[in-house]
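Read through the structure below, which is laid out as structure tokens, and then see the notes.
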Amino acid sequence: MRVSLSWLKEMVTISVSVEELAEKLSMSGFEVEAIDDLSKLALGVVIGFVNHTKPHPNADRLTVCEVDIGKNELLQIVCGASNVRSGIHVPVATVGTHLPSNNLTIKKSELRGVSSEGMICSKSELGINGLDEGILILDDISNKQLKLGDEVSELLGLDDKIIDLAITANRPDGMSLHGIAREVSAITNSEIRIPSHKVLIDPKPIENSKFNSTILENEGIYSITLIEGVDGNKSSPNTIKNRLENSGITSKNLIIDITNYIMLEQGQPLHAFDADKLEAITKTKVNQESFNLRQARNGEEINTIDGKIYTLDHNCNVVTCNDIAIALAGIMGGIESCVDENTRRIWLESAIFSQVSVRNSARKLGIRTESSIRYEKGIATQGNFIPVEKAIKIYNENFPTKLIGSWYSGNRNIANRLVMLRKSRVKQVLGKLKFDTVDKEKISSSQIERVNENLSINNTREISDHEIEQSLISIGCEIEKIDVGWNIIIPRYRNKDLHREIDLIEEISRLIGYDQFEDNLPSPLRPGILNARQLAERRLREILCNEGIQEITTLSLVGEDLNDAVRVGIKNPLLKETSHLRTSLLPEHLKACKRNLNSGQKGCWVFEIGNIFTKHQKQIKETPMLSGVICGEKRMEKWSSNGKYSPPSYYQARGILANCFRQLKIDSTDLPYKDNVEFNLHPGRACSIVVEGKAIGKFGQIHPALAEVHGLPNETYLFDVEFESLLISATRKNKWNVIFKDYMTTPFIERDIAFVVSKDCLSSKALQVIMKAGKPLLEKAELIDRFEGGQLKSDHCSLAYRLWYRSRKKLLTDEDVNPIHEKVREALVKLISAELRS
């Protein structure tokens with residue numbers, strides 16, 4: 001938002017320097033990005049008069065001019081503009097003048113053998129927006145008597161300073177001169193001169209039952225006003241033209257300029273339709289009921305005033321006249337209904353469109369206009385007809401206009417928002433003020449006494465009721481005193497950002513100054529400490545990294561996936577690629593692996609602890625997950641495999657993950673996982689990870705088809721585990737709290753057992769039978785061999801386990817172990833139909 005300082009001073013008293021004002025605005029939340037001193041653009045440029053011209057003797061396109069700048073001698077200046085002629089006033093840059101717009105310093109020189117003692121300037125050379133049609137002829141922009149030798153800065157509106165502000169989304173009132181003037185008045189405690197408006201025109205409701213108001217804001221309104229007697233051929237006065245161009249808007253004609261002028265001043269976009277053109281387009285008489293709002297039809301086209309033709313769809317909203325699209329709602333008008341030099345009647349539109357509808361349309365079409373920017377931030381519903389009435393007033397001052405009528409659709413009578421502010425809550429949130437915030441020269445003695453009574457031992461004081469009230473009054477709030485504090489009536493122009501009690505407290509602290517409140521550290525200071533869950537998470541991250549799996553972080557926002565119907569969309573995405581919330585971490589991990597392999601890496605082992613998002617009973621459920629990929633080979637040496645590619649097998653990869661869990665004392669078992677559509681896992685090489693009897697995740701080799709799509713090797717393994725379940729298991733007291741046990745002083749007795757079982761029998765199930773039957777002497781058992789083929793049936797395999805028996809009380813003998821070992825053998829035969837081999 002470019003703010004003209006001279007224009008701002010008409011609305012509010014400014015007694016500080018522009019640099020100090022910029023500092024105050026920045027501290028109050030309106031960041032000042034730059035201060036442009038326009039006078040520097042034309043410093044040393046004066047008004048001159050071309051007395052005589054003659055062709056250049058050595059160049060057809062150059063003209064030699066004799067220019068009078070009010071001194072004793074005429075200047076000889078060589079000019080290349082086609083529109084230079086005798087008898088005109090022009091801006092002259094004298095020798096020694098520096099023009100910042102093109103970084104040029106004027107020197108006395110010779111052009112094709114003819115001396116030139118200055119330069120006659122064009123608009124662009126003076127840093128003025130607009131099309132260059134040669135040199136700037138001052139007689140075209142001013143009817144006043146021009147004095148030769150005077151600086152041109154005042155005539156061209158360059159005797160001004162521009163404050164360039166970055167307006168945040170929560171302060172849409174800052175997108176107008178009125179809003180900035182109110183802010184300046186509040187932060188500098190100065191007089192504001194914005195007149196209060198009472199709407200004098202009497203708008204009538206649009207009697208159209210088919211009017212579509214869904215495109216309007218909840219408290220929005222759409223109005224249309226018919227005005228006759230305007231003249232599209234008339235240009236704007238210099239004051240209006242200069243203010244527009246200094247704000248970055250090109251002047252067109254008075255009709256259009258007034259709509260832009262009101263938008264800059266009051267923040268309300270207006271648009272003028274040529275009434276005669278509308279009737280020509282629709283081939284019928286146009287009245288207020290001819291206008292409507294609707295979603296564009298797929299494939300519908302509109303030719304806009306920027307000369308482009310846009311193809312629309314249902315995401316775009318349009319203003320229609322007799323169902324013909326004549327404008328993109330809140331963004332830009334159509335060229336077929338725009339004002340030109342032949343315009344004599346206009347329909348003046350003023351509306352408060354929905355922020356979402358304008359943002360969606362602008363993003364879809366890739367358009368950003370001064371109008372759309374304001375609608376996207378939000379237009380304050382302070383009075384839709386106040387800007388219209390101001391526009392009519394200016395039109396009346398310049399044209400013999402006639403107001404035919406004004407109509408609207410929407411709610412005109414919107415009640416002001418009422419927010420209760422508790423005194424106790426203000427003091428609780430803000431704390432105490434430093435005593436040096438009081439300027440004793442500017443307050444009365446009674447106030448000083450009152451302040452002194454509130455002083456505490458550490459030279460601080462409580463914030464007073466007067467300060468709270470004055471802060472809120474300064475931004476336009478109305479105050480009603482109640483027992484617990486105040487009832488605050490929010491002004492309409494702040495209805496977009498002041499909704500809650502805490503919003504008002506923020507305003508109070510902002511206006512008094514954040515640095516004016518005491519800053520206290522907690523007393524006593526106690527060092528922070530990580531709880532068991534946080535420690536377990538850190539330990540798991542370290543363990544995974546120690547196993548060679550690198551931690552990565554991916555975005556939680558992803559694009560739309562037609563194959564993933566449960567992916568949660570967000571309402572106002574900035575990009576299509578970030579329009580949905582992820583339902584799995586693995587797709588981004590696979591992309592990361594592909595990028596690493598494409599860059600020449602032999603493998604990529606990664607993991608991430610992050611949230612996924614799913615819909616659950618109309619709510620969005622956020623679930624933390626531990627996910628990762630073990631892809632390809634990752635090793636420090638090549639000699640052990642003779643330099644050959646040696647990626648981990650399925651069991652080796654699963655063992656890496658199991659070892660990580662085991663270091664947190666989490667015992668995990670596997671169950672065959674065949675329903676692998678969700679994760680695209682390899683049939684027969686996938687499993688559910690079971691912890692404490694509950695399936696908490698999945699592990700498996702990537703499906704060959706998915707590996708081919710991503711260009712990954714078949715030796716790629718995926719894991720996806722519920723992180724919360726891991727933490728619960730790892731932090732159980734019997735695991736987390738270390739209990740000392742005496743070291744065993746007796747040796748093991750080892751026994752091996754081999755048996756044949758069906759291939760469907762899980763090793764974990766056999767191990768469970770062995771451990772249960774071997775109590776109390778069996779300490780551990782481990783699978784040492786698996787064999788299939790040979791003389792065994794095709795659907796059977798041989799498993800061999802090594803068992804370790806030990807007692808804390810004594811040295812075991814064969815007589816002690818044999819009965820227990822026989823019990824294990826019998827249990828295997830009975831429970832899993834094992835055929836014993838040893």
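The way I read the labels, and the way they are meant: chains A, B, ... in the order of the structure tokens, residue 1 as the first residue of every chain, and ligand 1 as the first ligand shown, with later ones counted on from there.
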Applying 9 Å and only C-alpha atoms, which residues near range 270-278 of chain A remain after dropping the ones on its own chain fewer than 5 positions away? List them as a CSV table (one decimal) with N, CA, C and O atoms, in the first residue's frame.
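Output (part_18.csv):
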```csv
chain,number,residue,atom,x,y,z
A,226,LEU,N,-27.4,4.0,-11.1
A,226,LEU,CA,-27.5,4.5,-12.4
A,226,LEU,C,-27.3,6.0,-12.4
A,226,LEU,O,-28.0,6.7,-11.7
A,227,ILE,N,-26.3,6.5,-13.1
A,227,ILE,CA,-25.9,7.9,-13.2
A,227,ILE,C,-25.9,8.3,-14.6
A,227,ILE,O,-25.2,7.7,-15.5
A,255,ILE,N,-14.1,9.4,-15.1
A,255,ILE,CA,-15.1,8.4,-14.6
A,255,ILE,C,-14.3,7.3,-13.9
A,255,ILE,O,-14.7,6.9,-12.8
A,256,ILE,N,-13.3,6.7,-14.6
A,256,ILE,CA,-12.6,5.5,-14.0
A,256,ILE,C,-11.7,6.0,-12.9
A,256,ILE,O,-11.6,5.3,-11.8
A,258,ILE,N,-12.1,8.3,-10.7
A,258,ILE,CA,-12.9,8.5,-9.4
A,258,ILE,C,-13.1,7.2,-8.7
A,258,ILE,O,-13.0,7.1,-7.5
A,259,THR,N,-13.4,6.1,-9.5
A,259,THR,CA,-13.6,4.8,-8.8
A,259,THR,C,-12.3,4.3,-8.1
A,259,THR,O,-12.3,3.8,-7.0
A,260,ASN,N,-11.1,4.5,-8.8
A,260,ASN,CA,-9.9,4.2,-8.2
A,260,ASN,C,-9.5,5.1,-7.0
A,260,ASN,O,-8.9,4.7,-6.0
A,262,ILE,N,-11.6,6.6,-5.0
A,262,ILE,CA,-12.4,6.2,-3.8
A,262,ILE,C,-11.8,4.9,-3.2
A,262,ILE,O,-11.8,4.8,-1.9
A,263,MET,N,-11.4,4.0,-4.0
A,263,MET,CA,-10.8,2.8,-3.5
A,263,MET,C,-9.6,3.0,-2.7
A,263,MET,O,-9.4,2.5,-1.6
A,283,LYS,N,-29.0,-6.5,-25.8
A,283,LYS,CA,-30.0,-6.3,-26.8
A,283,LYS,C,-31.4,-6.1,-26.2
A,283,LYS,O,-32.4,-6.6,-26.7
A,284,THR,N,-31.4,-5.5,-25.0
A,284,THR,CA,-32.6,-5.2,-24.3
A,284,THR,C,-32.4,-4.1,-23.3
A,284,THR,O,-31.3,-3.7,-23.0
A,285,LYS,N,-33.5,-3.5,-22.8
A,285,LYS,CA,-33.4,-2.5,-21.8
A,285,LYS,C,-32.8,-3.0,-20.5
A,285,LYS,O,-33.3,-4.1,-20.1
A,286,VAL,N,-31.9,-2.4,-19.9
A,286,VAL,CA,-31.2,-2.8,-18.7
A,286,VAL,C,-31.8,-2.0,-17.5
A,286,VAL,O,-31.8,-0.8,-17.6
A,321,CYS,N,-25.2,-9.5,-16.6
A,321,CYS,CA,-26.3,-8.6,-17.0
A,321,CYS,C,-27.2,-9.4,-17.9
A,321,CYS,O,-26.7,-9.8,-19.0
A,326,ILE,N,-20.3,-10.0,-17.5
A,326,ILE,CA,-19.8,-8.7,-17.9
A,326,ILE,C,-18.6,-8.3,-17.0
A,326,ILE,O,-17.9,-7.3,-17.3
A,332,MET,N,-12.0,-7.9,-12.0
A,332,MET,CA,-11.8,-7.0,-13.2
A,332,MET,C,-13.1,-7.0,-14.1
A,332,MET,O,-13.8,-8.0,-14.1
A,333,GLY,N,-13.3,-5.9,-14.7
A,333,GLY,CA,-14.5,-5.8,-15.6
A,333,GLY,C,-14.2,-6.3,-17.0
A,333,GLY,O,-13.0,-6.5,-17.4
A,334,GLY,N,-15.3,-6.5,-17.8
A,334,GLY,CA,-15.1,-6.9,-19.1
A,334,GLY,C,-14.9,-5.7,-20.1
A,334,GLY,O,-15.4,-4.6,-19.8
A,336,GLU,N,-16.1,-5.3,-23.1
A,336,GLU,CA,-17.2,-5.0,-23.9
A,336,GLU,C,-18.2,-4.0,-23.2
A,336,GLU,O,-19.0,-3.4,-23.8
A,337,SER,N,-18.1,-3.9,-21.8
A,337,SER,CA,-19.0,-3.0,-21.1
A,337,SER,C,-18.2,-1.9,-20.4
A,337,SER,O,-18.7,-1.2,-19.5
A,338,CYS,N,-16.9,-1.7,-20.7
A,338,CYS,CA,-16.1,-0.8,-20.0
A,338,CYS,C,-16.3,0.7,-20.5
A,338,CYS,O,-16.8,0.9,-21.6
A,339,VAL,N,-16.0,1.6,-19.6
A,339,VAL,CA,-16.1,3.0,-19.9
A,339,VAL,C,-15.1,3.5,-20.9
A,339,VAL,O,-13.9,3.1,-20.9
A,340,ASP,N,-15.5,4.3,-21.9
A,340,ASP,CA,-14.5,4.9,-22.9
A,340,ASP,C,-14.9,6.3,-23.1
A,340,ASP,O,-15.7,6.9,-22.4
A,343,THR,N,-18.7,7.3,-23.3
A,343,THR,CA,-19.6,7.0,-22.3
A,343,THR,C,-20.3,8.2,-21.8
A,343,THR,O,-19.7,9.3,-21.5
A,344,ARG,N,-21.7,8.1,-21.6
A,344,ARG,CA,-22.5,9.2,-21.1
A,344,ARG,C,-23.4,8.8,-20.0
A,344,ARG,O,-23.9,9.6,-19.2
A,345,ARG,N,-23.6,7.5,-19.8
A,345,ARG,CA,-24.4,6.9,-18.7
A,345,ARG,C,-23.6,5.7,-18.1
A,345,ARG,O,-23.0,4.9,-18.9
A,346,ILE,N,-23.6,5.6,-16.8
A,346,ILE,CA,-22.9,4.5,-16.2
A,346,ILE,C,-23.8,3.8,-15.1
A,346,ILE,O,-24.7,4.5,-14.5
A,347,TRP,N,-23.6,2.5,-14.9
A,347,TRP,CA,-24.0,1.8,-13.8
A,347,TRP,C,-22.8,1.7,-12.8
A,347,TRP,O,-21.8,1.1,-13.2
A,348,LEU,N,-22.9,2.2,-11.7
A,348,LEU,CA,-21.8,2.2,-10.7
A,348,LEU,C,-22.0,1.1,-9.7
A,348,LEU,O,-23.0,1.1,-9.0
A,349,GLU,N,-21.1,0.1,-9.7
A,349,GLU,CA,-21.2,-1.1,-8.9
A,349,GLU,C,-20.4,-0.9,-7.6
A,349,GLU,O,-19.2,-0.4,-7.7
A,350,SER,N,-20.9,-1.2,-6.5
A,350,SER,CA,-20.2,-1.3,-5.2
A,350,SER,C,-20.7,-2.5,-4.5
A,350,SER,O,-21.9,-2.7,-4.3
A,351,ALA,N,-19.7,-3.4,-4.1
A,351,ALA,CA,-20.1,-4.7,-3.5
A,351,ALA,C,-19.1,-5.1,-2.5
A,351,ALA,O,-18.0,-4.7,-2.4
A,371,SER,N,-8.2,-4.3,-6.8
A,371,SER,CA,-9.5,-4.7,-6.3
A,371,SER,C,-9.5,-6.0,-5.6
A,371,SER,O,-9.9,-6.2,-4.4
A,387,PRO,N,-19.0,5.2,0.0
A,387,PRO,CA,-18.1,5.4,-1.2
A,387,PRO,C,-18.9,5.8,-2.4
A,387,PRO,O,-18.4,6.6,-3.2
A,388,VAL,N,-20.1,5.2,-2.6
A,388,VAL,CA,-20.9,5.6,-3.7
A,388,VAL,C,-21.3,7.0,-3.7
A,388,VAL,O,-21.2,7.8,-4.7
```
Problem set entry | Long-range neighbours of Gly632 in chain A as a PyMOL selection string, 10 Å cut-off, only C-alpha atoms, 5 positions minimum in chain | chain A and resi 593+597+601-605+645-649+712-717
Any chance you can output those residues with C-alpha atoms as a PDB file, in the first residue's frame?
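Below is the file that was written, selection10.pdb:
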```pdb
ATOM      1  CA  CYS A 593      14.801 -42.222  -2.744  1.00  0.00           C
ATOM      2  CA  LEU A 597      19.398 -42.856  -6.794  1.00  0.00           C
ATOM      3  CA  GLN A 601      23.744 -43.016  -4.845  1.00  0.00           C
ATOM      4  CA  LYS A 602      23.599 -46.811  -4.502  1.00  0.00           C
ATOM      5  CA  GLY A 603      20.988 -46.689  -1.794  1.00  0.00           C
ATOM      6  CA  CYS A 604      18.817 -44.447   0.357  1.00  0.00           C
ATOM      7  CA  TRP A 605      17.740 -45.358   3.878  1.00  0.00           C
ATOM      8  CA  TYR A 645      25.927 -54.767  -5.444  1.00  0.00           C
ATOM      9  CA  SER A 646      24.737 -56.339  -2.198  1.00  0.00           C
ATOM     10  CA  PRO A 647      21.462 -54.875  -0.866  1.00  0.00           C
ATOM     11  CA  PRO A 648      19.819 -56.298   2.276  1.00  0.00           C
ATOM     12  CA  SER A 649      17.367 -59.161   1.960  1.00  0.00           C
ATOM     13  CA  LEU A 712      13.553 -48.056  -7.660  1.00  0.00           C
ATOM     14  CA  PRO A 713      15.254 -51.425  -7.177  1.00  0.00           C
ATOM     15  CA  ASN A 714      13.167 -54.398  -6.108  1.00  0.00           C
ATOM     16  CA  GLU A 715      15.214 -54.510  -2.878  1.00  0.00           C
ATOM     17  CA  THR A 716      13.236 -51.587  -1.430  1.00  0.00           C
ATOM     18  CA  TYR A 717      11.481 -52.077   1.906  1.00  0.00           C
TER      19      TYR A 717
END
```
Problem set entry | Top pick for closest residue to Ser28 in chain A, considering A:Glu125, A:Asp515, A:Asp202, A:Asp139 and counting only C-alpha atoms |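 Of all the options, A:Asp515 lies closest to Ser28 in chain A.
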Problem set entry | Distance query Ser729 in chain A at most 10 Å, only C-alpha atoms, self and fewer than 4 positions along chain excluded, as a list in words | Leu664, Lys665, Ile666, Asp667, Val691, Glu692, Glu724, Ser725, Lys733, Asn734, Lys735 and Trp736 of chain A
File dump, residues just selected, N, CA and C atoms, as an mmCIF file, in the first residue's frame:
```cif
data_model
loop_
_atom_site.group_PDB
_atom_site.id
_atom_site.type_symbol
_atom_site.label_atom_id
_atom_site.label_comp_id
_atom_site.auth_asym_id
_atom_site.auth_seq_id
_atom_site.Cartn_x
_atom_site.Cartn_y
_atom_site.Cartn_z
ATOM 1 N N LEU A 664 14.929 -50.443 22.620
ATOM 2 C CA LEU A 664 13.990 -49.761 23.514
ATOM 3 C C LEU A 664 13.171 -50.766 24.320
ATOM 4 N N LYS A 665 13.626 -52.039 24.302
ATOM 5 C CA LYS A 665 12.955 -53.128 25.017
ATOM 6 C C LYS A 665 11.535 -53.367 24.499
ATOM 7 N N ILE A 666 11.372 -53.126 23.208
ATOM 8 C CA ILE A 666 10.080 -53.385 22.556
ATOM 9 C C ILE A 666 10.222 -54.666 21.754
ATOM 10 N N ASP A 667 9.486 -55.707 22.157
ATOM 11 C CA ASP A 667 9.493 -56.971 21.427
ATOM 12 C C ASP A 667 8.398 -56.943 20.376
ATOM 13 N N VAL A 691 2.943 -55.562 18.423
ATOM 14 C CA VAL A 691 3.577 -55.223 19.692
ATOM 15 C C VAL A 691 2.542 -55.340 20.793
ATOM 16 N N GLU A 692 2.842 -56.103 21.818
ATOM 17 C CA GLU A 692 1.942 -56.314 22.952
ATOM 18 C C GLU A 692 0.573 -56.808 22.497
ATOM 19 N N GLU A 724 2.628 -43.468 18.391
ATOM 20 C CA GLU A 724 2.080 -43.382 19.742
ATOM 21 C C GLU A 724 2.132 -44.738 20.442
ATOM 22 N N SER A 725 1.831 -45.808 19.704
ATOM 23 C CA SER A 725 1.869 -47.153 20.303
ATOM 24 C C SER A 725 3.286 -47.544 20.686
ATOM 25 N N LYS A 733 6.508 -48.803 32.871
ATOM 26 C CA LYS A 733 7.405 -48.754 34.033
ATOM 27 C C LYS A 733 8.343 -49.948 34.106
ATOM 28 N N ASN A 734 7.838 -51.141 33.757
ATOM 29 C CA ASN A 734 8.684 -52.329 33.862
ATOM 30 C C ASN A 734 9.809 -52.340 32.825
ATOM 31 N N LYS A 735 9.701 -51.461 31.791
ATOM 32 C CA LYS A 735 10.759 -51.360 30.787
ATOM 33 C C LYS A 735 11.614 -50.123 30.993
ATOM 34 N N TRP A 736 10.949 -49.033 31.348
ATOM 35 C CA TRP A 736 11.649 -47.746 31.405
ATOM 36 C C TRP A 736 12.509 -47.615 32.671
#
```
What's the 10 Å shell around Leu671 in chain A, counting only C-alpha atoms, without same-chain residues fewer than 3 positions away, as a CSV table (one decimal) with N, CA and C atoms, in the first residue's frame?
```csv
chain,number,residue,atom,x,y,z
A,674,LYS,N,-1.3,-59.8,3.8
A,674,LYS,CA,-1.6,-60.1,2.4
A,674,LYS,C,-2.5,-59.0,1.8
A,686,ALA,N,5.3,-59.3,3.0
A,686,ALA,CA,4.8,-58.2,3.8
A,686,ALA,C,4.2,-58.7,5.1
A,687,CYS,N,4.2,-57.9,6.1
A,687,CYS,CA,3.7,-58.4,7.4
A,687,CYS,C,3.2,-57.2,8.2
A,688,SER,N,2.3,-57.6,9.2
A,688,SER,CA,1.9,-56.6,10.2
A,688,SER,C,2.9,-56.7,11.4
A,689,ILE,N,3.2,-55.6,11.9
A,689,ILE,CA,4.1,-55.5,13.1
A,689,ILE,C,3.2,-55.5,14.3
A,690,VAL,N,3.4,-56.6,15.2
A,690,VAL,CA,2.6,-56.7,16.3
A,690,VAL,C,3.4,-56.5,17.6
A,695,ALA,N,-1.6,-55.1,16.4
A,695,ALA,CA,-1.0,-54.7,15.2
A,695,ALA,C,-0.8,-53.2,15.1
A,698,LYS,N,3.1,-51.8,9.7
A,698,LYS,CA,3.3,-52.7,8.5
A,698,LYS,C,4.7,-52.6,8.1
A,699,PHE,N,5.2,-53.7,7.5
A,699,PHE,CA,6.6,-53.7,7.0
A,699,PHE,C,6.5,-54.6,5.7
A,762,LEU,N,4.2,-70.1,11.6
A,762,LEU,CA,5.1,-69.0,11.8
A,762,LEU,C,6.2,-69.4,12.8
A,764,SER,N,7.6,-67.4,14.8
A,764,SER,CA,7.3,-66.8,16.1
A,764,SER,C,6.3,-67.6,16.9
A,765,LYS,N,5.4,-68.3,16.2
A,765,LYS,CA,4.4,-69.2,16.9
A,765,LYS,C,5.2,-70.3,17.6
```
For this session: Skip Lys161 in chain A itself and residues of its chain fewer than 2 positions away, then list as an MDAnalysis selection string all residues within 7 Å of it, counting only C-alpha atoms.
Result: chainID A and resid 4:5 35:38 163
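Counting from CA of Glu66 in chain A, the distance to CA of Gly48 in chain A is 9.9 Å.
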